[in-house]
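Undergrad: Structure supplied as run_27.pdb; contents: PDB, C-alpha atoms.
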```pdb
ATOM      1  CA  TRP A1308      24.736 -74.446-174.723  1.00  0.00           C
ATOM      2  CA  SER A1309      25.380 -73.946-171.052  1.00  0.00           C
ATOM      3  CA  SER A1310      28.038 -75.779-169.084  1.00  0.00           C
ATOM      4  CA  ASP A1311      25.348 -77.028-166.759  1.00  0.00           C
ATOM      5  CA  VAL A1312      21.622 -77.738-166.779  1.00  0.00           C
ATOM      6  CA  CYS A1313      19.053 -77.232-164.091  1.00  0.00           C
ATOM      7  CA  SER A1314      15.829 -79.172-163.789  1.00  0.00           C
ATOM      8  CA  SER A1315      13.646 -77.125-161.480  1.00  0.00           C
ATOM      9  CA  ASP A1316      10.231 -77.967-162.833  1.00  0.00           C
ATOM     10  CA  LEU A1317       8.195 -81.087-163.065  1.00  0.00           C
ATOM     11  CA  ILE A1318       9.950 -83.812-165.002  1.00  0.00           C
ATOM     12  CA  GLU A1319       8.345 -83.556-168.424  1.00  0.00           C
ATOM     13  CA  GLU A1320       9.209 -83.878-172.097  1.00  0.00           C
ATOM     14  CA  ASP A1321      10.384 -80.307-172.748  1.00  0.00           C
ATOM     15  CA  ASN A1322      12.933 -79.970-169.946  1.00  0.00           C
ATOM     16  CA  ILE A1323      14.109 -83.572-170.174  1.00  0.00           C
ATOM     17  CA  ASN A1324      14.686 -83.262-173.926  1.00  0.00           C
ATOM     18  CA  LEU A1325      16.758 -80.156-173.217  1.00  0.00           C
ATOM     19  CA  ALA A1326      18.890 -82.107-170.731  1.00  0.00           C
ATOM     20  CA  ILE A1327      19.270 -85.041-173.157  1.00  0.00           C
ATOM     21  CA  LYS A1328      20.374 -82.741-175.998  1.00  0.00           C
ATOM     22  CA  TRP A1329      22.801 -80.993-173.640  1.00  0.00           C
ATOM     23  CA  ILE A1330      24.433 -84.282-172.539  1.00  0.00           C
ATOM     24  CA  ILE A1331      24.770 -85.483-176.135  1.00  0.00           C
ATOM     25  CA  TYR A1332      26.234 -82.129-177.216  1.00  0.00           C
ATOM     26  CA  GLU A1333      28.679 -81.960-174.298  1.00  0.00           C
ATOM     27  CA  ASN A1334      29.870 -85.500-175.074  1.00  0.00           C
ATOM     28  CA  SER A1335      30.829 -84.355-178.586  1.00  0.00           C
ATOM     29  CA  ILE A1336      33.236 -81.764-177.148  1.00  0.00           C
ATOM     30  CA  GLN A1337      36.788 -82.804-176.275  1.00  0.00           C
ATOM     31  CA  SER A1338      36.942 -82.101-172.555  1.00  0.00           C
ATOM     32  CA  ASP A1339      37.277 -84.128-169.388  1.00  0.00           C
ATOM     33  CA  GLU A1340      35.130 -81.722-167.387  1.00  0.00           C
ATOM     34  CA  PRO A1341      32.251 -83.417-165.546  1.00  0.00           C
ATOM     35  CA  LEU A1342      28.754 -82.312-166.522  1.00  0.00           C
ATOM     36  CA  LYS A1343      26.742 -80.622-163.771  1.00  0.00           C
ATOM     37  CA  LEU A1344      23.049 -81.468-163.493  1.00  0.00           C
ATOM     38  CA  TYR A1345      21.181 -79.469-160.849  1.00  0.00           C
ATOM     39  CA  ILE A1346      17.965 -81.087-159.676  1.00  0.00           C
ATOM     40  CA  ASN A1347      15.176 -79.257-157.878  1.00  0.00           C
ATOM     41  CA  SER A1348      11.952 -81.077-158.699  1.00  0.00           C
ATOM     42  CA  GLN A1349       9.037 -82.753-156.989  1.00  0.00           C
ATOM     43  CA  GLY A1350       8.980 -85.354-159.768  1.00  0.00           C
ATOM     44  CA  GLY A1351       6.823 -85.867-162.802  1.00  0.00           C
ATOM     45  CA  ASP A1352       6.824 -88.168-165.818  1.00  0.00           C
ATOM     46  CA  LEU A1353       8.741 -91.329-164.933  1.00  0.00           C
ATOM     47  CA  TYR A1354       9.164 -92.399-168.569  1.00  0.00           C
ATOM     48  CA  GLN A1355      10.854 -89.076-169.382  1.00  0.00           C
ATOM     49  CA  ALA A1356      13.147 -89.600-166.377  1.00  0.00           C
ATOM     50  CA  LEU A1357      14.022 -93.116-167.577  1.00  0.00           C
ATOM     51  CA  GLY A1358      14.965 -91.699-170.987  1.00  0.00           C
ATOM     52  CA  LEU A1359      17.298 -89.167-169.367  1.00  0.00           C
ATOM     53  CA  ILE A1360      18.806 -91.875-167.142  1.00  0.00           C
ATOM     54  CA  ASP A1361      19.600 -93.991-170.220  1.00  0.00           C
ATOM     55  CA  VAL A1362      21.419 -91.032-171.812  1.00  0.00           C
ATOM     56  CA  MET A1363      23.239 -90.277-168.543  1.00  0.00           C
ATOM     57  CA  ARG A1364      24.504 -93.857-168.476  1.00  0.00           C
ATOM     58  CA  LEU A1365      25.776 -93.536-172.049  1.00  0.00           C
ATOM     59  CA  SER A1366      27.711 -90.345-171.279  1.00  0.00           C
ATOM     60  CA  ASN A1367      31.483 -90.555-171.686  1.00  0.00           C
ATOM     61  CA  LYS A1368      31.839 -87.776-169.140  1.00  0.00           C
ATOM     62  CA  PRO A1369      30.986 -88.064-165.451  1.00  0.00           C
ATOM     63  CA  ILE A1370      27.678 -86.476-164.565  1.00  0.00           C
ATOM     64  CA  GLN A1371      27.596 -84.636-161.275  1.00  0.00           C
ATOM     65  CA  THR A1372      24.146 -84.396-159.740  1.00  0.00           C
ATOM     66  CA  PHE A1373      23.331 -81.639-157.288  1.00  0.00           C
ATOM     67  CA  GLY A1374      20.115 -82.024-155.292  1.00  0.00           C
ATOM     68  CA  VAL A1375      18.802 -78.647-154.134  1.00  0.00           C
ATOM     69  CA  GLY A1376      15.343 -77.837-152.772  1.00  0.00           C
ATOM     70  CA  ALA A1377      13.437 -80.971-153.775  1.00  0.00           C
ATOM     71  CA  VAL A1378      14.587 -84.364-155.055  1.00  0.00           C
ATOM     72  CA  MET A1379      11.400 -86.390-155.194  1.00  0.00           C
ATOM     73  CA  SER A1380       9.817 -89.192-157.171  1.00  0.00           C
ATOM     74  CA  ALA A1381      11.178 -89.302-160.758  1.00  0.00           C
ATOM     75  CA  ALA A1382      13.747 -86.622-159.833  1.00  0.00           C
ATOM     76  CA  PHE A1383      15.042 -88.969-157.116  1.00  0.00           C
ATOM     77  CA  LEU A1384      15.911 -91.582-159.747  1.00  0.00           C
ATOM     78  CA  ILE A1385      17.664 -88.999-161.910  1.00  0.00           C
ATOM     79  CA  PHE A1386      19.658 -87.768-158.924  1.00  0.00           C
ATOM     80  CA  ALA A1387      20.650 -91.302-157.903  1.00  0.00           C
ATOM     81  CA  SER A1388      21.777 -92.028-161.484  1.00  0.00           C
ATOM     82  CA  GLY A1389      24.511 -89.427-161.349  1.00  0.00           C
ATOM     83  CA  THR A1390      28.055 -90.778-161.473  1.00  0.00           C
ATOM     84  CA  LYS A1391      29.078 -92.372-158.158  1.00  0.00           C
ATOM     85  CA  HIS A1392      31.314 -90.093-156.081  1.00  0.00           C
ATOM     86  CA  TYR A1393      29.786 -87.103-157.942  1.00  0.00           C
ATOM     87  CA  ARG A1394      26.351 -86.913-156.266  1.00  0.00           C
ATOM     88  CA  PHE A1395      25.875 -83.904-153.975  1.00  0.00           C
ATOM     89  CA  ILE A1396      22.852 -83.088-151.816  1.00  0.00           C
ATOM     90  CA  THR A1397      22.127 -79.955-149.815  1.00  0.00           C
ATOM     91  CA  ARG A1398      21.430 -80.325-146.127  1.00  0.00           C
ATOM     92  CA  ASN A1399      17.850 -78.985-146.280  1.00  0.00           C
ATOM     93  CA  CYS A1400      16.743 -80.708-149.482  1.00  0.00           C
ATOM     94  CA  GLY A1401      13.323 -82.401-149.407  1.00  0.00           C
ATOM     95  CA  ILE A1402      13.933 -86.009-150.426  1.00  0.00           C
ATOM     96  CA  MET A1403      11.296 -88.626-151.267  1.00  0.00           C
ATOM     97  CA  CYS A1404      11.229 -91.928-153.130  1.00  0.00           C
ATOM     98  CA  HIS A1405       8.278 -94.195-153.819  1.00  0.00           C
ATOM     99  CA  GLN A1406       6.991 -97.004-155.977  1.00  0.00           C
ATOM    100  CA  TYR A1407       5.590 -96.296-159.421  1.00  0.00           C
ATOM    101  CA  SER A1408       1.929 -95.422-159.295  1.00  0.00           C
ATOM    102  CA  ASP A1409      -0.478 -94.048-161.803  1.00  0.00           C
ATOM    103  CA  THR A1410      -4.221 -93.765-161.959  1.00  0.00           C
ATOM    104  CA  TYR A1411      -5.542 -96.342-164.352  1.00  0.00           C
ATOM    105  CA  GLU A1412      -8.358 -95.108-166.556  1.00  0.00           C
ATOM    106  CA  GLY A1413      -9.426 -97.581-169.160  1.00  0.00           C
ATOM    107  CA  LYS A1414     -11.304-100.731-169.960  1.00  0.00           C
ATOM    108  CA  HIS A1415     -11.500-103.389-167.310  1.00  0.00           C
ATOM    109  CA  HIS A1416      -9.892-106.077-169.489  1.00  0.00           C
ATOM    110  CA  ASP A1417      -6.864-103.815-170.108  1.00  0.00           C
ATOM    111  CA  LEU A1418      -6.165-103.688-166.376  1.00  0.00           C
ATOM    112  CA  LYS A1419      -3.936-106.811-166.615  1.00  0.00           C
ATOM    113  CA  SER A1420      -1.710-105.109-169.188  1.00  0.00           C
ATOM    114  CA  PHE A1421      -1.507-101.994-167.068  1.00  0.00           C
ATOM    115  CA  THR A1422      -0.664-104.058-163.978  1.00  0.00           C
ATOM    116  CA  LYS A1423       2.109-105.845-165.896  1.00  0.00           C
ATOM    117  CA  GLU A1424       3.587-102.501-167.008  1.00  0.00           C
ATOM    118  CA  ALA A1425       3.440-101.171-163.431  1.00  0.00           C
ATOM    119  CA  GLU A1426       5.326-104.261-162.225  1.00  0.00           C
ATOM    120  CA  LEU A1427       7.930-103.913-165.008  1.00  0.00           C
ATOM    121  CA  THR A1428       8.360-100.224-164.213  1.00  0.00           C
ATOM    122  CA  ASN A1429       8.889-100.935-160.515  1.00  0.00           C
ATOM    123  CA  GLU A1430      11.504-103.545-161.529  1.00  0.00           C
ATOM    124  CA  ARG A1431      13.272-100.922-163.697  1.00  0.00           C
ATOM    125  CA  MET A1432      13.274 -98.486-160.796  1.00  0.00           C
ATOM    126  CA  SER A1433      14.638-101.150-158.461  1.00  0.00           C
ATOM    127  CA  LYS A1434      17.479-102.029-160.857  1.00  0.00           C
ATOM    128  CA  ILE A1435      18.425 -98.367-161.249  1.00  0.00           C
ATOM    129  CA  LEU A1436      18.545 -97.941-157.475  1.00  0.00           C
ATOM    130  CA  GLN A1437      20.457-101.216-157.012  1.00  0.00           C
ATOM    131  CA  GLU A1438      23.126 -99.966-159.430  1.00  0.00           C
ATOM    132  CA  ALA A1439      23.208 -96.524-157.819  1.00  0.00           C
ATOM    133  CA  THR A1440      23.480 -97.770-154.230  1.00  0.00           C
ATOM    134  CA  GLY A1441      24.925-101.281-154.287  1.00  0.00           C
ATOM    135  CA  MET A1442      21.868-102.503-152.349  1.00  0.00           C
ATOM    136  CA  THR A1443      20.196-105.817-153.073  1.00  0.00           C
ATOM    137  CA  ALA A1444      16.726-105.893-154.631  1.00  0.00           C
ATOM    138  CA  ARG A1445      15.281-106.765-151.219  1.00  0.00           C
ATOM    139  CA  GLU A1446      17.042-103.823-149.553  1.00  0.00           C
ATOM    140  CA  VAL A1447      15.857-101.404-152.250  1.00  0.00           C
ATOM    141  CA  LYS A1448      12.290-102.639-151.852  1.00  0.00           C
ATOM    142  CA  SER A1449      12.318-102.291-148.076  1.00  0.00           C
ATOM    143  CA  LYS A1450      14.329 -99.057-147.755  1.00  0.00           C
ATOM    144  CA  LEU A1451      13.430 -97.049-150.870  1.00  0.00           C
ATOM    145  CA  LEU A1452      10.475 -98.579-152.722  1.00  0.00           C
ATOM    146  CA  SER A1453       8.250 -99.593-149.848  1.00  0.00           C
ATOM    147  CA  PRO A1454       4.452 -99.323-150.247  1.00  0.00           C
ATOM    148  CA  SER A1455       4.454 -95.898-148.560  1.00  0.00           C
ATOM    149  CA  ASP A1456       6.379 -92.802-149.618  1.00  0.00           C
ATOM    150  CA  VAL A1457       9.895 -92.838-148.134  1.00  0.00           C
ATOM    151  CA  TRP A1458      11.005 -89.434-146.835  1.00  0.00           C
ATOM    152  CA  MET A1459      14.680 -88.951-146.010  1.00  0.00           C
ATOM    153  CA  ASN A1460      17.157 -86.324-144.943  1.00  0.00           C
ATOM    154  CA  ALA A1461      20.584 -85.699-146.482  1.00  0.00           C
ATOM    155  CA  GLU A1462      22.411 -87.843-143.914  1.00  0.00           C
ATOM    156  CA  GLU A1463      20.149 -90.822-144.606  1.00  0.00           C
ATOM    157  CA  LEU A1464      20.652 -90.389-148.347  1.00  0.00           C
ATOM    158  CA  VAL A1465      24.435 -90.600-147.925  1.00  0.00           C
ATOM    159  CA  LYS A1466      24.133 -93.557-145.528  1.00  0.00           C
ATOM    160  CA  LEU A1467      21.984 -95.430-148.092  1.00  0.00           C
ATOM    161  CA  GLY A1468      24.527 -94.730-150.854  1.00  0.00           C
ATOM    162  CA  VAL A1469      22.201 -92.605-152.995  1.00  0.00           C
ATOM    163  CA  ALA A1470      24.240 -89.426-152.434  1.00  0.00           C
ATOM    164  CA  ASP A1471      27.967 -89.118-151.858  1.00  0.00           C
ATOM    165  CA  PHE A1472      28.385 -85.720-150.219  1.00  0.00           C
ATOM    166  CA  ILE A1473      26.331 -83.190-148.273  1.00  0.00           C
ATOM    167  CA  LEU A1474      26.879 -79.549-149.244  1.00  0.00           C
TER     168      LEU A1474
END
```
Show this structure as structure tokens.

TA:
Amino acid sequence: WSSDVCSSDLIEEDNINLAIKWIIYENSIQSDEPLKLYINSQGGDLYQALGLIDVMRLSNKPIQTFGVGAVMSAAFLIFASGTKHYRFITRNCGIMCHQYSDTYEGKHHDLKSFTKEAELTNERMSKILQEATGMTAREVKSKLLSPSDVWMNAEELVKLGVADFIL
């Protein structure tokens, strides 16, 4: 196992499972060293990201997140879920957050179930960002999960409380 993990692809089962196994393994080792999670991704599978976030929250060791290149969509949530005071962003990183969206393809009568899941998923995202930033639900909705994609620079990310330091 490496002392750090890098997610530089789309967020998907294979690379997220690797990160989950790494965090669990590193937590079994007697050490106070923070874990370093490098993030360079335009996003991907939100459910995979939520699984990783749950494991990050269960970690006994602080998890440093380093945003380099791109921190977008599902990767944005992973980055924000790093341990407070341990979230680093590079000055030229492309940063974007948005509401959950997916193309629904199914039977018309199943649309209500899909809509309910989309609403629940947006609530999950909002709670994660509230915990990460200290913002209220209303602030998260207006500043990070507005109807349009929200593009930010490193300074804005620090000002909003999503990142702690600019590298």

Undergrad: Contacts of Ala1377 of chain A at 6 Å or less, counting only C-alpha atoms, minus same-chain residues fewer than 2 places along, as a ChimeraX atom specification?

TA: /A:1347-1349,1375,1379,1400-1401

Undergrad: Once the PyMOL selection byres ((chain A and resi 1318-1320) around 6) has been applied to the shown file, what residues remain in the selection, as an NGL selection string?

TA: :A and (1317 or 1321-1324 or 1350-1352)

Undergrad: Would you give me, as a Markdown table, each residue of segment 1384-1472 of chain A having an atom within 8 Å of an atom of segment 1360-1366 of chain A, along with its shortest atom pair and that distance in Å to one decimal, using only C-alpha atoms and sorting by chain and residue number?

TA:
```
| residue | atom | partner | partner_atom | distance |
| --- | --- | --- | --- | --- |
| A:Leu1384 | CA | A:Ile1360 | CA | 7.9 |
| A:Ile1385 | CA | A:Ile1360 | CA | 6.1 |
| A:Ser1388 | CA | A:Ile1360 | CA | 6.4 |
| A:Gly1389 | CA | A:Met1363 | CA | 7.4 |
```

Undergrad: Export, as a compact mmCIF listing (two decimals), in the coordinates of the input, the selected residues with C-alpha atoms.

TA:
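Full text of out14.txt as output:
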```txt
# COMPACT_ATOMS: atom_id res chain seq x y z
CA LEU A 1384 15.91 -91.58 -159.75
CA ILE A 1385 17.66 -89.00 -161.91
CA SER A 1388 21.78 -92.03 -161.48
CA GLY A 1389 24.51 -89.43 -161.35
```

Undergrad: Just want the 12 Å neighbourhood of Pro1369 of chain A, counted on all atoms listed in the file, with same-chain residues fewer than 2 positions away dropped. Output as a list in words.

TA: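 What passes the distance filter is Ile1330, Glu1333, Asn1334, Ser1338, Asp1339, Glu1340, Pro1341, Leu1342, Lys1343, Leu1344, Val1362, Met1363, Arg1364, Leu1365, Ser1366, Asn1367, Gln1371, Thr1372, Ser1388, Gly1389, Thr1390, Lys1391, His1392, Tyr1393 and Arg1394 of chain A.
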
Undergrad: Now that the selection is made, can you save its residues with C-alpha atoms as an mmCIF file, keeping the file's coordinate frame?

TA:
```cif
data_model
loop_
_atom_site.group_PDB
_atom_site.id
_atom_site.type_symbol
_atom_site.label_atom_id
_atom_site.label_comp_id
_atom_site.auth_asym_id
_atom_site.auth_seq_id
_atom_site.Cartn_x
_atom_site.Cartn_y
_atom_site.Cartn_z
ATOM 1 C CA ILE A 1330 24.433 -84.282 -172.539
ATOM 2 C CA GLU A 1333 28.679 -81.960 -174.298
ATOM 3 C CA ASN A 1334 29.870 -85.500 -175.074
ATOM 4 C CA SER A 1338 36.942 -82.101 -172.555
ATOM 5 C CA ASP A 1339 37.277 -84.128 -169.388
ATOM 6 C CA GLU A 1340 35.130 -81.722 -167.387
ATOM 7 C CA PRO A 1341 32.251 -83.417 -165.546
ATOM 8 C CA LEU A 1342 28.754 -82.312 -166.522
ATOM 9 C CA LYS A 1343 26.742 -80.622 -163.771
ATOM 10 C CA LEU A 1344 23.049 -81.468 -163.493
ATOM 11 C CA VAL A 1362 21.419 -91.032 -171.812
ATOM 12 C CA MET A 1363 23.239 -90.277 -168.543
ATOM 13 C CA ARG A 1364 24.504 -93.857 -168.476
ATOM 14 C CA LEU A 1365 25.776 -93.536 -172.049
ATOM 15 C CA SER A 1366 27.711 -90.345 -171.279
ATOM 16 C CA ASN A 1367 31.483 -90.555 -171.686
ATOM 17 C CA GLN A 1371 27.596 -84.636 -161.275
ATOM 18 C CA THR A 1372 24.146 -84.396 -159.740
ATOM 19 C CA SER A 1388 21.777 -92.028 -161.484
ATOM 20 C CA GLY A 1389 24.511 -89.427 -161.349
ATOM 21 C CA THR A 1390 28.055 -90.778 -161.473
ATOM 22 C CA LYS A 1391 29.078 -92.372 -158.158
ATOM 23 C CA HIS A 1392 31.314 -90.093 -156.081
ATOM 24 C CA TYR A 1393 29.786 -87.103 -157.942
ATOM 25 C CA ARG A 1394 26.351 -86.913 -156.266
#
```

Undergrad: Nearest to Phe1395 of chain A among A:Ala1356, A:Ile1336, A:Leu1464, A:Leu1452, with distances taken over all atoms listed in the file: which residue is it?

TA: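 Result for the nearest residue to Phe1395 of chain A: A:Leu1464.
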
Undergrad: What is the distance, in Å and to one decimal place, between atom CA of Tyr1407 of chain A and atom CA of Ala1439 of chain A?

TA: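 Spanning atom CA of Tyr1407 of chain A to atom CA of Ala1439 of chain A is a straight-line distance of 17.7 Å.
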
Undergrad: Using only C-alpha atoms, pick whichever of A:Lys1423, A:His1405, A:Lys1434, A:Lys1466 has the shortest atom-to-atom distance to Leu1451 of chain A.

TA: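 Selected residue with least distance to Leu1451 of chain A: A:His1405.
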
Undergrad: Between atom CA of Gly1358 of chain A and atom CA of Gln1406 of chain A, what is the spacing in Å?

TA: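 Pair atom CA of Gln1406 of chain A / atom CA of Gly1358 of chain A returns 17.8 Å.
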
Undergrad: Between A:Val1378, A:Leu1418, A:Ala1425, A:Leu1325, which has the minimum distance to Leu1359 of chain A (counting all atoms listed in the file)?

TA: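 Checking each candidate against Leu1359 of chain A, we get A:Leu1325 as the closest.
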
Undergrad: So that all listed atoms of segment 1440-1444 of chain A fit with 6 Å spare on each side, what axis-aligned box centre and edge lengths in Å, to one decimal, would you give as AutoDock Vina command-line options?

TA:
```
--center_x 20.8 --center_y -101.8 --center_z -153.5 --size_x 20.2 --size_y 20.1 --size_z 14.3
```

Undergrad: Report, in Å with one decimal, the straight-line distance from atom CA of Lys1450 of chain A to atom CA of Ala1326 of chain A.

TA: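 These two atoms are separated by 28.9 Å.
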
Undergrad: Calculated over only C-alpha atoms, which of the candidates A:Asn1399, A:Ser1449, A:Thr1428, A:Thr1440 has the smallest distance to Leu1353 of chain A?

TA: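 Among the listed residues, the smallest separation from Leu1353 of chain A belongs to A:Thr1428.
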
Undergrad: Looking at all atoms listed in the file, which of A:Ala1387, A:Ala1382, A:Ser1455, A:Thr1422 is the one that sits closest to Glu1438 of chain A?

TA: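 Ranked by minimum distance to Glu1438 of chain A, first place goes to A:Ala1387.
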